[in-house]
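This is final24.txt. It holds compact mmCIF, C-alpha atoms.
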```
# COMPACT_ATOMS: atom_id res chain seq x y z
CA MET A 170 79.83 105.85 -49.01
CA LYS A 171 77.47 102.85 -48.59
CA GLN A 172 80.50 100.55 -48.15
CA ARG A 173 81.96 102.78 -45.40
CA ILE A 174 78.63 102.83 -43.53
CA PHE A 175 78.38 99.02 -43.80
CA LEU A 176 81.90 98.54 -42.43
CA LYS A 177 81.21 100.87 -39.49
CA LEU A 178 78.07 98.93 -38.65
CA LEU A 179 79.94 95.64 -39.00
CA PHE A 180 82.62 96.73 -36.52
CA LEU A 181 79.90 97.76 -34.08
CA VAL A 182 78.06 94.44 -34.36
CA ILE A 183 81.05 92.06 -34.17
CA PRO A 184 82.15 93.02 -30.62
CA PHE A 185 78.57 92.72 -29.39
CA VAL A 186 78.12 89.23 -30.84
CA ALA A 187 81.53 88.10 -29.58
CA GLY A 188 80.73 89.40 -26.13
CA ALA A 189 77.38 87.62 -26.12
CA GLN A 190 79.07 84.33 -27.08
CA HIS A 191 81.65 84.77 -24.33
CA ASP A 192 79.01 85.45 -21.70
CA ALA A 193 77.02 82.38 -22.79
CA LYS A 194 79.94 80.01 -22.19
CA PRO A 195 79.72 78.06 -18.92
CA SER A 196 82.18 79.02 -16.21
CA HIS A 197 85.34 76.93 -16.06
CA LEU A 198 85.64 77.70 -12.36
CA GLN A 199 83.59 75.80 -9.81
CA TYR A 200 83.39 75.85 -6.05
CA LEU A 201 84.12 72.37 -4.75
CA LEU A 202 82.30 71.68 -1.46
CA VAL A 203 83.55 68.76 0.62
CA GLY A 204 81.49 67.12 3.38
CA THR A 205 83.43 65.23 6.05
CA TYR A 206 83.32 63.32 9.31
CA THR A 207 84.46 65.50 12.20
CA SER A 208 85.41 62.78 14.68
CA GLY A 209 89.09 63.26 13.78
CA LYS A 210 90.94 66.28 12.43
CA SER A 211 88.18 67.67 10.23
CA GLU A 212 86.50 70.94 11.23
CA GLY A 213 83.43 70.72 9.00
CA ILE A 214 82.76 71.57 5.35
CA TYR A 215 85.74 72.58 3.20
CA ILE A 216 85.44 74.78 0.11
CA TYR A 217 87.89 74.94 -2.79
CA LYS A 218 87.95 76.68 -6.15
CA PHE A 219 88.41 74.18 -9.00
CA ASN A 220 89.49 74.94 -12.58
CA SER A 221 87.74 72.65 -15.07
CA ASN A 222 90.22 73.58 -17.80
CA THR A 223 93.34 72.54 -15.93
CA GLY A 224 92.31 70.51 -12.88
CA ALA A 225 94.02 73.04 -10.61
CA PHE A 226 92.48 73.90 -7.23
CA GLU A 227 92.89 76.26 -4.30
CA TYR A 228 91.44 76.35 -0.80
CA VAL A 229 89.09 79.31 -0.20
CA ASN A 230 86.96 78.74 2.91
CA LYS A 231 85.34 76.35 5.38
CA ALA A 232 82.20 76.09 7.50
CA THR A 233 82.84 74.98 11.08
CA GLY A 234 80.75 74.16 14.13
CA ILE A 235 78.81 71.34 12.46
CA ARG A 236 79.18 67.67 13.39
CA ASN A 237 79.67 65.01 10.74
CA PRO A 238 78.37 66.88 7.68
CA SER A 239 78.77 63.66 5.69
CA TYR A 240 76.39 64.48 2.86
CA LEU A 241 75.51 67.78 1.21
CA ALA A 242 72.91 69.10 -1.21
CA THR A 243 72.59 72.46 -2.95
CA SER A 244 69.45 74.40 -3.81
CA PRO A 245 68.46 74.79 -7.50
CA ASP A 246 69.64 78.42 -7.46
CA ASN A 247 72.93 77.47 -5.71
CA LYS A 248 72.30 80.04 -2.97
CA LYS A 249 71.68 77.50 -0.18
CA VAL A 250 73.51 74.41 1.06
CA TYR A 251 72.00 71.66 3.19
CA ALA A 252 74.08 69.25 5.26
CA VAL A 253 73.15 66.20 7.30
CA ASN A 254 74.61 65.84 10.80
CA GLU A 255 75.26 62.10 10.74
CA LEU A 256 74.80 61.09 14.36
CA HIS A 257 72.34 59.65 16.87
CA ASP A 258 72.47 62.31 19.53
CA ASN A 259 71.53 60.68 22.86
CA ASN A 260 68.60 58.92 21.21
CA ASN A 261 67.40 62.23 19.81
CA GLY A 262 68.48 61.35 16.30
CA GLY A 263 70.50 63.37 13.82
CA TYR A 264 69.96 66.79 12.28
CA VAL A 265 69.89 68.69 9.01
CA THR A 266 71.54 72.11 8.80
CA ALA A 267 70.64 74.86 6.33
CA PHE A 268 73.23 77.40 5.15
CA SER A 269 73.13 80.39 2.85
CA PHE A 270 76.02 80.47 0.38
CA ASP A 271 77.72 83.67 -0.78
CA SER A 272 78.97 82.91 -4.30
CA LYS A 273 81.43 85.84 -4.23
CA SER A 274 83.25 84.99 -1.01
CA ALA A 275 82.30 81.29 -0.71
CA ALA A 276 81.17 82.03 2.85
CA MET A 277 78.48 79.80 4.37
CA THR A 278 76.13 81.31 6.95
CA ARG A 279 74.17 78.95 9.17
CA LEU A 280 70.41 79.50 8.95
CA ASN A 281 69.02 76.82 11.26
CA ASP A 282 69.01 73.16 12.26
CA GLN A 283 66.13 70.69 12.29
CA PRO A 284 65.89 67.08 13.51
CA SER A 285 66.27 64.62 10.66
CA GLY A 286 63.54 62.35 12.03
CA GLY A 287 65.87 59.44 12.75
CA ASP A 288 69.35 58.20 13.55
CA ASP A 289 72.48 58.65 11.42
CA PRO A 290 71.16 60.72 8.49
CA CYS A 291 73.40 59.90 5.55
CA TYR A 292 71.82 61.50 2.46
CA VAL A 293 69.86 64.64 1.60
CA SER A 294 68.31 65.80 -1.67
CA ILE A 295 66.44 68.95 -2.71
CA ASP A 296 63.47 68.79 -5.06
CA LYS A 297 63.43 70.79 -8.30
CA THR A 298 61.18 73.51 -6.89
CA GLY A 299 63.63 74.16 -4.06
CA HIS A 300 60.77 73.92 -1.56
CA TRP A 301 61.53 70.51 -0.02
CA ALA A 302 64.53 68.74 1.51
CA ILE A 303 64.38 64.94 1.78
CA VAL A 304 66.78 63.15 4.11
CA ALA A 305 67.60 59.45 4.62
CA ASN A 306 68.14 58.13 8.16
CA TYR A 307 70.24 54.98 7.91
CA SER A 308 70.12 53.43 11.38
CA SER A 309 66.43 54.02 12.08
CA GLY A 310 65.27 52.98 8.60
CA SER A 311 63.33 56.19 8.09
CA PHE A 312 63.28 59.22 5.81
CA SER A 313 61.87 62.70 6.24
CA VAL A 314 60.50 65.51 4.11
CA LEU A 315 61.33 68.97 5.47
CA PRO A 316 59.79 72.17 4.07
CA ILE A 317 62.22 74.87 2.95
CA ARG A 318 61.07 78.35 3.96
CA THR A 319 61.41 81.41 1.74
CA ASP A 320 64.67 82.41 3.47
CA GLY A 321 66.14 78.93 2.90
CA SER A 322 65.77 77.73 6.49
CA LEU A 323 64.16 74.37 7.25
CA GLY A 324 60.78 73.59 8.79
CA LYS A 325 59.91 70.55 10.90
CA PRO A 326 60.23 67.06 9.37
CA ASN A 327 57.45 64.74 8.27
CA THR A 328 58.93 61.27 8.82
CA ILE A 329 58.10 57.89 7.29
CA PHE A 330 59.47 54.66 8.78
CA HIS A 331 60.14 51.47 6.85
CA HIS A 332 59.54 48.08 8.46
CA GLY A 333 60.84 44.58 7.86
CA ILE A 334 64.03 42.53 7.74
CA GLY A 335 66.37 41.40 5.02
CA PHE A 336 68.26 38.26 4.06
CA ASN A 337 71.49 38.92 5.97
CA LYS A 338 70.76 38.62 9.70
CA GLU A 339 73.79 40.71 10.71
CA ARG A 340 73.55 43.55 8.20
CA GLN A 341 69.82 43.49 7.48
CA ALA A 342 68.12 42.93 10.83
CA GLY A 343 66.00 45.98 10.05
CA PRO A 344 65.49 48.65 7.38
CA HIS A 345 68.40 50.96 6.52
CA VAL A 346 67.45 53.86 4.27
CA HIS A 347 70.50 54.99 2.31
CA SER A 348 69.37 57.49 -0.33
CA THR A 349 66.39 59.59 -1.41
CA VAL A 350 66.32 60.41 -5.13
CA LEU A 351 63.61 62.23 -7.08
CA SER A 352 62.60 61.32 -10.61
CA PRO A 353 63.54 63.68 -13.47
CA ASP A 354 59.96 65.03 -13.57
CA ASN A 355 59.92 65.58 -9.76
CA HIS A 356 56.81 63.39 -9.40
CA TYR A 357 58.27 60.26 -7.78
CA LEU A 358 60.65 59.59 -4.91
CA TYR A 359 62.99 56.57 -4.90
CA VAL A 360 64.19 55.44 -1.49
CA SER A 361 66.98 52.84 -1.52
CA ASP A 362 66.75 50.59 1.54
CA LEU A 363 69.88 48.53 2.19
CA GLY A 364 68.13 46.51 4.91
CA LEU A 365 65.13 45.46 2.81
CA ASP A 366 66.78 44.90 -0.59
CA LYS A 367 64.24 47.23 -2.16
CA VAL A 368 64.01 50.62 -3.80
CA MET A 369 60.74 51.96 -2.41
CA ILE A 370 58.72 54.17 -4.77
CA TYR A 371 56.43 57.01 -3.65
CA HIS A 372 54.27 59.55 -5.45
CA PHE A 373 55.63 63.01 -4.57
CA ASP A 374 53.43 66.12 -4.57
CA GLU A 375 55.78 69.04 -5.14
CA ALA A 376 53.09 71.53 -4.07
CA THR A 377 52.45 70.01 -0.64
CA GLY A 378 55.41 67.67 -0.03
CA GLU A 379 52.92 64.83 0.50
CA LEU A 380 54.00 61.25 -0.27
CA LYS A 381 51.82 58.31 -1.28
CA PRO A 382 52.93 54.72 -1.97
CA THR A 383 52.77 53.52 -5.54
CA ILE A 384 51.60 50.07 -6.65
CA PRO A 385 53.42 47.69 -6.33
CA GLY A 386 55.44 50.30 -4.46
CA PHE A 387 59.03 49.13 -4.95
CA GLY A 388 61.71 47.76 -7.23
CA ALA A 389 63.16 44.58 -5.70
CA THR A 390 66.78 43.43 -5.86
CA GLU A 391 68.49 40.14 -5.08
CA PRO A 392 68.36 39.05 -1.39
CA GLY A 393 71.41 40.23 0.53
CA SER A 394 72.51 42.71 -2.13
CA GLY A 395 72.10 45.92 -0.08
CA PRO A 396 70.77 48.82 -2.24
CA ARG A 397 72.67 52.05 -1.62
CA HIS A 398 72.78 54.91 -4.18
CA PHE A 399 70.44 55.36 -7.14
CA ILE A 400 70.76 57.51 -10.26
CA PHE A 401 68.78 58.28 -13.42
CA HIS A 402 70.23 58.28 -16.91
CA PRO A 403 70.17 61.74 -18.59
CA SER A 404 67.65 60.39 -21.12
CA GLY A 405 65.19 59.62 -18.32
CA LYS A 406 64.64 56.13 -19.76
CA PHE A 407 66.86 54.16 -17.39
CA ALA A 408 68.03 54.13 -13.78
CA TYR A 409 70.96 52.47 -12.03
CA LEU A 410 71.52 51.23 -8.48
CA ILE A 411 74.82 50.48 -6.73
CA GLU A 412 74.42 47.65 -4.20
CA GLU A 413 76.83 47.81 -1.30
CA MET A 414 76.87 44.25 -0.01
CA ALA A 415 76.83 42.32 -3.29
CA GLY A 416 79.14 44.74 -5.08
CA VAL A 417 76.97 44.96 -8.18
CA VAL A 418 75.15 47.53 -10.31
CA THR A 419 71.51 46.86 -11.18
CA ALA A 420 70.05 48.55 -14.26
CA PHE A 421 66.35 49.35 -14.57
CA ARG A 422 64.07 50.50 -17.34
CA TYR A 423 62.01 53.49 -16.17
CA ASP A 424 58.48 53.68 -17.61
CA GLN A 425 57.62 57.36 -16.89
CA LYS A 426 54.80 56.14 -14.61
CA GLY A 427 57.27 55.66 -11.80
CA GLN A 428 57.80 51.90 -12.04
CA LEU A 429 61.13 50.11 -12.44
CA LYS A 430 61.83 46.97 -14.47
CA THR A 431 65.14 45.19 -13.90
CA ILE A 432 67.07 44.67 -17.13
CA GLN A 433 70.56 43.76 -15.90
CA THR A 434 72.74 43.08 -12.87
CA ILE A 435 76.51 43.35 -13.41
CA SER A 436 79.46 43.10 -11.02
CA SER A 437 81.36 46.25 -10.05
CA HIS A 438 84.42 44.07 -9.29
CA PRO A 439 86.76 42.09 -11.55
CA LYS A 440 85.89 38.48 -12.34
CA GLY A 441 87.10 36.21 -9.57
CA PHE A 442 87.46 38.95 -6.96
CA LYS A 443 87.60 37.29 -3.52
CA GLY A 444 88.05 40.21 -1.11
CA ASP A 445 85.58 42.09 1.05
CA LYS A 446 83.07 44.18 -0.87
CA GLY A 447 81.62 47.55 0.09
CA SER A 448 80.37 49.40 -2.98
CA ALA A 449 79.37 53.00 -2.34
CA ASP A 450 78.59 55.55 -5.03
CA ILE A 451 77.45 55.75 -8.66
CA HIS A 452 77.55 58.49 -11.32
CA ILE A 453 77.01 58.90 -15.07
CA SER A 454 78.99 61.10 -17.47
CA PRO A 455 77.17 64.22 -18.75
CA ASP A 456 76.84 62.72 -22.24
CA GLY A 457 75.15 59.60 -20.83
CA LYS A 458 77.68 57.22 -22.40
CA PHE A 459 79.62 56.03 -19.34
CA LEU A 460 78.80 54.94 -15.79
CA TYR A 461 81.22 54.82 -12.83
CA ALA A 462 80.84 53.02 -9.49
CA SER A 463 83.07 53.16 -6.41
CA ASN A 464 84.15 50.11 -4.41
CA ARG A 465 85.49 50.19 -0.86
CA GLY A 466 86.36 47.04 1.12
CA ASP A 467 89.50 45.42 -0.27
CA ALA A 468 89.04 46.82 -3.78
CA ASN A 469 89.48 50.61 -3.38
CA SER A 470 88.55 51.00 -7.02
CA LEU A 471 86.28 52.61 -9.57
CA ALA A 472 84.44 50.34 -11.99
CA ILE A 473 84.05 51.83 -15.47
CA PHE A 474 81.15 50.85 -17.74
CA SER A 475 79.91 51.94 -21.15
CA ILE A 476 76.17 52.49 -21.51
CA ASN A 477 74.21 51.37 -24.55
CA THR A 478 72.02 54.46 -24.82
CA ALA A 479 69.34 52.54 -26.76
CA SER A 480 68.95 49.56 -24.42
CA GLY A 481 70.39 50.93 -21.17
CA LEU A 482 72.64 47.89 -20.79
CA LEU A 483 76.13 48.19 -19.30
CA LYS A 484 79.42 46.77 -20.54
CA THR A 485 82.48 46.55 -18.29
CA LEU A 486 85.40 48.58 -19.63
CA GLY A 487 87.81 48.23 -16.71
CA PHE A 488 88.76 49.22 -13.19
CA GLN A 489 90.80 52.11 -11.83
CA SER A 490 92.49 52.23 -8.43
CA THR A 491 91.32 55.24 -6.45
CA LEU A 492 94.92 55.70 -5.23
CA GLY A 493 93.59 55.86 -1.69
CA LYS A 494 91.53 54.00 0.87
CA ASN A 495 87.78 53.73 1.39
CA PRO A 496 86.41 55.73 -1.56
CA ARG A 497 83.06 56.79 -0.10
CA ASN A 498 81.85 59.35 -2.62
CA PHE A 499 83.12 60.62 -5.96
CA SER A 500 81.97 63.14 -8.53
CA LEU A 501 82.51 64.22 -12.12
CA ASP A 502 83.06 67.96 -12.42
CA PRO A 503 80.29 69.72 -14.40
CA SER A 504 82.43 69.79 -17.56
CA GLY A 505 82.90 66.02 -17.44
CA LYS A 506 86.65 66.43 -17.96
CA PHE A 507 87.66 65.37 -14.46
CA LEU A 508 86.57 62.81 -11.88
CA LEU A 509 87.36 63.42 -8.21
CA VAL A 510 87.35 60.61 -5.63
CA ALA A 511 86.91 61.24 -1.90
CA ASN A 512 89.08 58.63 -0.17
CA GLN A 513 87.72 58.72 3.38
CA GLY A 514 90.33 56.36 4.79
CA SER A 515 93.40 58.15 3.43
CA ASP A 516 92.29 61.76 3.97
CA ASN A 517 92.51 62.88 0.36
CA ILE A 518 90.62 63.64 -2.84
CA VAL A 519 92.38 62.26 -5.91
CA ILE A 520 91.84 64.08 -9.22
CA PHE A 521 91.60 61.98 -12.40
CA LYS A 522 91.47 63.21 -15.98
CA ARG A 523 88.67 61.57 -17.98
CA ASP A 524 88.82 60.62 -21.65
CA PRO A 525 85.39 61.59 -23.07
CA LYS A 526 85.73 59.12 -25.96
CA THR A 527 86.77 56.00 -24.06
CA GLY A 528 85.58 56.82 -20.53
CA LYS A 529 88.96 55.78 -19.14
CA LEU A 530 90.63 57.60 -16.25
CA VAL A 531 94.21 58.77 -15.80
CA SER A 532 95.63 60.27 -12.62
CA THR A 533 96.59 63.93 -12.90
CA GLY A 534 99.01 63.55 -10.01
CA LYS A 535 96.99 66.19 -8.15
CA THR A 536 95.57 65.42 -4.72
CA ILE A 537 93.57 67.56 -2.32
CA GLU A 538 94.57 66.79 1.25
CA VAL A 539 91.44 67.04 3.41
CA PRO A 540 90.49 65.06 6.55
CA THR A 541 87.96 62.20 6.14
CA PRO A 542 86.25 63.46 2.96
CA VAL A 543 82.96 61.71 2.21
CA CYS A 544 80.94 63.96 -0.12
CA ILE A 545 81.66 66.25 -3.08
CA LYS A 546 79.28 68.89 -4.49
CA TRP A 547 79.69 71.75 -6.99
CA ILE A 548 78.53 75.37 -7.24
CA PRO A 549 79.53 77.59 -10.21
CA VAL A 550 81.83 80.53 -9.50
CA PRO A 551 80.18 83.70 -10.88
CA ALA A 552 82.07 85.58 -13.56
CA ASN A 553 82.63 88.61 -11.32
CA SER A 554 84.39 86.41 -8.73
CA GLN A 555 86.92 84.82 -11.08
```

Write-out of the structure in structure tokens:
Amino acid sequence: MKQRIFLKLLFLVIPFVAGAQHDAKPSHLQYLLVGTYTSGKSEGIYIYKFNSNTGAFEYVNKATGIRNPSYLATSPDNKKVYAVNELHDNNNGGYVTAFSFDSKSAAMTRLNDQPSGGDDPCYVSIDKTGHWAIVANYSSGSFSVLPIRTDGSLGKPNTIFHHGIGFNKERQAGPHVHSTVLSPDNHYLYVSDLGLDKVMIYHFDEATGELKPTIPGFGATEPGSGPRHFIFHPSGKFAYLIEEMAGVVTAFRYDQKGQLKTIQTISSHPKGFKGDKGSADIHISPDGKFLYASNRGDANSLAIFSINTASGLLKTLGFQSTLGKNPRNFSLDPSGKFLLVANQGSDNIVIFKRDPKTGKLVSTGKTIEVPTPVCIKWIPVPANSQ
């Protein structure tokens, strides 16, 4: 009798535990959001459903009526999307647009627009509290902090302008802010300025959105290098910078007090490369073991590096053609199994399979045809929408 009771209880418990394990597994389906330039055939932001198990994709929706949504950011709860309008509108500057995002239908509803506080906004980030949007204005060398209201709409910008000139008289006649990245603890803001060859460092107050300069206030790079995108290692001990003009990656040690110490500069191009350089984007694999950097210009390639997780130093593993032209932005899917490259110049996103042990990339033969893609972001597909 005791054995029968035990077996009945066992059969009741097993399905519950199995169901709990199934529910805890991350979704293999992701919404893939693509920001574009709309000066040609593009109509705005395109949305696809991507399968992280197979690399398959399908078109599901788009958001129209927005000009040059060239960079996107999502809120921490994935219910809002923010897009820059990369333009200088009759000397009125660019804009930032807030959308709500319906995770069941993938529909984006426009909430409002706010001035970006400068010309040609090219990057936007959201702080960890979801209360602040921070946008980089390339042509005016400024960046702005915009409050996010309770409904997800944006308030008016508080803008800071950089001043000075760089080494290259043609490309660096003034400041050019290219990215705004918050530290892992949300206490510091790192502003890469291509025109000044510096990553400016500010104290960030997540309660008020107030910014204060740090001392010495920046991490310097080689003259004429052109800082562009900046990323932290998952460990929080290191940070990496892709430099557009020099075509190099600079590695920093991060001291938890906000300061950066340069530990390495390494080329993102093969030895002896003689063509035009135009490095663009940088990302790290979820396990923190590999770093990837995109190169435009004559290279049209991805540089692949291994990361020494103890020292933060990089080692070149090789280079992969992006199988397209002008790879502006790229992204690893949340599973880390695939890497997708937005080839702005050839109107496609090429899907690569990634080897988690070696970091190497192999083309899947799958390509998403989309006009002038320049930014890729992800939002999980809820279980009830799969």

Practice problem: Find the residues near segment 273-276 of chain A: any atom within 9 Å, counting only C-alpha atoms, skip ones fewer than 2 places away on the same chain, and give them as an MDAnalysis selection string. | Solution: chainID A and resid 200 216:217 229:232 269:271 278 550:551 553:555

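The gap separating atom CA of Tyr264 of chain A from atom CA of Thr328 of chain A is 12.8 Å, in Å to one decimal.
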
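Residues lying within 7 Å of Gly335 of chain A, counting only C-alpha atoms and ignoring same-chain neighbours fewer than 5 positions away, are Gln341, Ala342, Gly343, Gly364, Leu365, Asp366 and Gly393 of chain A.
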
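Neighbours of Glu391 of chain A closer than or equal to 10 Å, with all atoms listed in the file counted and sequence neighbours fewer than 5 positions away skipped, come out as Phe336, Asp366, Lys367, Pro396, Glu412, Ala415, Thr419 and Thr434 of chain A.
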
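Once all atoms listed in the file are considered, the residues situated within 7 Å of the file point (71.3, 75.7, 8.1) turn out to be Tyr251, Thr266, Ala267, Phe268, Arg279, Leu280, Asn281, Asp282 and Ser322 of chain A.
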
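When only C-alpha atoms are used to measure the gap to Pro245 of chain A, the shortest distance among A:Ile329, A:Ala302, A:Ile476, A:Ile453 belongs to A:Ala302.
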
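If all atoms listed in the file are the atoms counted, then among A:Leu198, A:Leu471, A:Leu351, A:Val265 the closest residue to Gly528 of chain A is A:Leu471.
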
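Among the candidates A:Ile520, A:Ala389, A:Ala420, A:Cys544, the residue lying nearest to Asn477 of chain A is A:Ala420 (atoms considered: all atoms listed in the file).
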
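Considering all atoms listed in the file, the residue among A:Ile214, A:Cys291, A:Ala479, A:Leu202 positioned nearest to Asn247 of chain A is A:Leu202.
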
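Computed from the coordinates, the atom CA of Ala511 of chain A to atom CA of Phe219 of chain A distance equals 14.8 Å.
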
Quiz item: Skipping near chain neighbours, those fewer than 3 positions away, what residues fall within 7 Å of segment 378-386 of chain A using all atoms listed in the file, listed as JSON, numbers by chain?
Solution: {"A": [301, 314, 369, 370, 371, 372, 373, 374, 375]}

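Excluding Val531 of chain A itself and same-chain residues fewer than 2 positions from it, the residues having an atom within 12 Å of it are Leu471, Phe488, Gln489, Ser490, Thr491, Leu492, Lys506, Phe507, Leu508, Leu509, Val519, Ile520, Phe521, Lys522, Arg523, Asp524, Pro525, Thr527, Gly528, Lys529, Thr533, Gly534 and Lys535 of chain A, counting all atoms listed in the file.
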
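Distance-wise, atom CA of Ser196 of chain A and atom CA of Ser454 of chain A end up 18.2 Å apart.
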
Quiz prompt | Which of A:Pro403, A:Asp516, A:His452, A:Glu413 sits closest to Asn464 of chain A [using all atoms listed in the file] | solution = A:Glu413

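Distances here use only C-alpha atoms; by that measure, the residue among A:Thr207, A:Asn337, A:Thr377, A:Gln425 closest to Gly395 of chain A is A:Asn337.
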